[in-house]
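Novice: Handing you a structure now.
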Amino acid sequence: MLAEIISAASMIPMLVYVKTHRKFAGFLGWGLFSIACLVKIPDYLYSADYYNTAIFFLAYVFFLYMSIRILIANSRTFVEVTAFSALAFIIYFPFAFTPLGEVLIDYTAFQTASLANLLGYSIIKDGADLHLNGKSVRIILACTAIESIALFTGATLGIRADISRKVKAFLVSVPLIYVLNLFRNVFVIISFAYSWFGENSFYIAHNVISKIGATVALILIAYSVFRLLPELADLIYSLKNELAGGGG
């Protein structure tokens, strides 16, 4: 929860940066967000989730460097990236800090159980817990894909582009992410319940296979979004140049 609180605090200077373009606000916002990423690492290490440990460490380094670059060479590119990132945070935080999160968890658990039953596996839902073959898995906020949904919502709707293409990009990303996540949940639960991969079935299904599959899926979805919104691809390319010190 500490990481979420720090992330929420980072949004205030980010919004100030978007509005005023003051580079210290941008530095402070992204600096705080990098710390939020760093704070998450011990939790992932404790659960032996080395994939997310590596991702969040790289994110910490990336966002810290970005905050420093804003101080050195403030630009419109940094402002625009911060704008759609702030939109993503605004979408995510109500689910992290309000009862909306519990509603989303319950709905995702219901949809996961319904999909599994449709596929012939009789999962029993008990609140956020899903039971199958004498084993149980609890759906938490991370199982709803809200982080990825918020990110792609911010990226597709927060970019400067024609509204029709923005809507198309949203529709080929966010609903697909939600549906694929339901299949991921079903796969993990069934793998664990029937020990498809031996005694470490949950770890292999959740921390290895699902993480790799999700990464590939998000790359393909991002490619589709870039095809529909070349403005977003251009912005990412400009960000790369800014971070490399070459300007936009």
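So you can find residues: chains in the structure tokens are A, B, ... in the order shown, residues in each start at 1, and ligands are numbered from 1 in order.
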According to DSSP computed on the backbone, where in region 2-228 of chain A is there strand (DSSP E or B)? Give the residues as a PyMOL selection string.
Specialist: chain A and resi 124-126+129-132+135-138
Novice: Would you mind exporting C-alpha atoms of the selected residues as a short mmCIF file (atom, residue, chain, number, x, y, z; two decimals), in the first residue's frame?
Specialist:
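So the final result, stored in out38.cif, reads:
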data_model
loop_
_atom_site.label_atom_id
_atom_site.label_comp_id
_atom_site.auth_asym_id
_atom_site.auth_seq_id
_atom_site.Cartn_x
_atom_site.Cartn_y
_atom_site.Cartn_z
CA ILE A 124 -17.17 -22.34 -7.22
CA LYS A 125 -17.05 -18.64 -6.34
CA ASP A 126 -17.02 -17.61 -2.68
CA ASP A 129 -12.05 -16.92 -3.56
CA LEU A 130 -12.40 -19.40 -6.40
CA HIS A 131 -12.50 -23.12 -5.54
CA LEU A 132 -11.73 -26.03 -7.86
CA LYS A 135 -7.92 -25.99 -4.00
CA SER A 136 -8.54 -22.26 -3.79
CA VAL A 137 -7.19 -19.12 -5.42
CA ARG A 138 -8.04 -15.60 -4.27
#
Novice: Skip Phe84 (chain A) itself and residues of its chain fewer than 5 positions away, then list as a PyMOL selection string all residues within 8 Å of it, counting only C-alpha atoms.
Specialist: chain A and resi 154-155+157-159
Novice: Could you pull the residues within 8 Å of Phe57 (chain A), counting only C-alpha atoms, minus those fewer than 4 positions along the same chain, as a list in words?
Specialist: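 Non-adjacent residues within range: Cys37, Leu38, Ile41, Thr53 and Val61 of chain A.
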Novice: Find the residues of region 3-109 of chain A that sit at most 12 Å from region 168-190 of chain A; for each, write down the nearest two atoms and how far apart they are in Å, to one decimal. Count only C-alpha atoms. Sort by chain, then by number going up, and give it as a Markdown table.
Specialist:
| residue | atom | partner | partner_atom | distance |
| --- | --- | --- | --- | --- |
| A:Leu104 | CA | A:Tyr178 | CA | 11.5 |
| A:Ile105 | CA | A:Leu182 | CA | 11.7 |
| A:Tyr107 | CA | A:Leu182 | CA | 10.9 |
| A:Thr108 | CA | A:Leu182 | CA | 7.5 |
| A:Ala109 | CA | A:Leu182 | CA | 8.8 |
Novice: Using only C-alpha atoms, pick whichever of A:Leu115, A:Cys143, A:Val103, A:Val167 has the shortest atom-to-atom distance to Leu229 (chain A).
Specialist: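 For Leu229 (chain A), the nearest of the candidates is A:Val167.
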Novice: Separation of CA of Ala73 (chain A) and CA of Val16 (chain A), in Å?
Specialist: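 CA of Ala73 (chain A) sits 17.6 Å away from CA of Val16 (chain A).
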Novice: Using DSSP secondary structure from the backbone, list all alpha helix (DSSP H) positions within region 64-227 of chain A, as a PyMOL selection string.
Specialist: chain A and resi 64-72+76-97+100-118+146-157+163-171+174-193+201-203+210-227
Novice: Taking only C-alpha atoms into account, name the residue in A:Leu243, A:Asp162, A:Val225, A:Phe33 that is nearest to Ser10 (chain A).
Specialist: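 That would be A:Phe33, the residue with the smallest distance to Ser10 (chain A).
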Novice: Between CA of Ser224 (chain A) and CA of Ile236 (chain A), what is the distance in Å, rounded to a tenth?
Specialist: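 So the two atoms, CA of Ser224 (chain A) and CA of Ile236 (chain A), lie 14.6 Å apart.
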Novice: What is the CA of Leu232 (chain A)-CA of Thr156 (chain A) distance in Å, reported with one decimal?
Specialist: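 Those two atoms sit 7.9 Å apart.
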Novice: So, counting only C-alpha atoms, which residue among A:Asp106, A:Ile146, A:Ile140, A:Pro230 is closest to Gly127 (chain A)?
Specialist: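 Checking each of A:Asp106, A:Ile146, A:Ile140, A:Pro230 against Gly127 (chain A), counting only C-alpha atoms, the winner is A:Asp106.
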Novice: Excluding Ile68 (chain A) and residues on its chain fewer than 6 positions from it, collect all residues at most 10 Å away from it, counting only C-alpha atoms, and give them as a PyMOL selection string.
Specialist: chain A and resi 23-24+26-28+30-31+74+243
Novice: Considering only C-alpha atoms, state which residue in the set A:Ser122, A:Ala54, A:Arg69, A:Arg76 is at the smallest distance from Thr20 (chain A).
Specialist: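 Closest to Thr20 (chain A) of all the choices is A:Arg76.
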Novice: Report as a list in words all protein, DNA and RNA residues lying within 8 Å of Ala83 (chain A), evaluated on only C-alpha atoms, omitting residues in the same chain fewer than 3 positions from it.
Specialist: Met14, Leu15, Val18, Val79, Glu80, Ala86, Leu87 and Gly158 of chain A
Novice: Just want the 10 Å neighbourhood of Ala96 (chain A), counted on only C-alpha atoms, with same-chain residues fewer than 6 positions away dropped. Output as number ranges by chain.
Specialist: A: 1, 4-5, 8, 102, 141-142, 146-147
Novice: What would the file look like if the residues just selected were written as a compact mmCIF listing (two decimals), in the first residue's frame with N, CA and C atoms?
Specialist:
# COMPACT_ATOMS: atom_id res chain seq x y z
N MET A 1 0.83 -1.21 0.00
CA MET A 1 0.00 0.00 0.00
C MET A 1 0.86 1.26 0.00
N GLU A 4 1.49 2.47 -3.45
CA GLU A 4 0.33 3.12 -4.03
C GLU A 4 0.17 4.55 -3.49
N ILE A 5 0.46 4.73 -2.21
CA ILE A 5 0.36 6.07 -1.60
C ILE A 5 1.39 7.01 -2.22
N ALA A 8 0.29 7.87 -5.70
CA ALA A 8 -0.78 8.87 -5.68
C ALA A 8 -0.22 10.26 -5.41
N GLU A 102 -12.87 -3.29 -4.72
CA GLU A 102 -13.55 -4.52 -4.29
C GLU A 102 -14.63 -4.93 -5.29
N LEU A 141 -6.54 -7.34 -6.58
CA LEU A 141 -6.63 -6.26 -7.57
C LEU A 141 -5.70 -6.49 -8.75
N ALA A 142 -4.52 -7.05 -8.49
CA ALA A 142 -3.57 -7.29 -9.57
C ALA A 142 -4.10 -8.30 -10.58
N ILE A 146 -6.10 -4.16 -14.00
CA ILE A 146 -6.46 -2.74 -13.99
C ILE A 146 -5.25 -1.86 -14.31
N GLU A 147 -4.03 -2.31 -13.94
CA GLU A 147 -2.85 -1.50 -14.25
C GLU A 147 -2.67 -1.34 -15.76
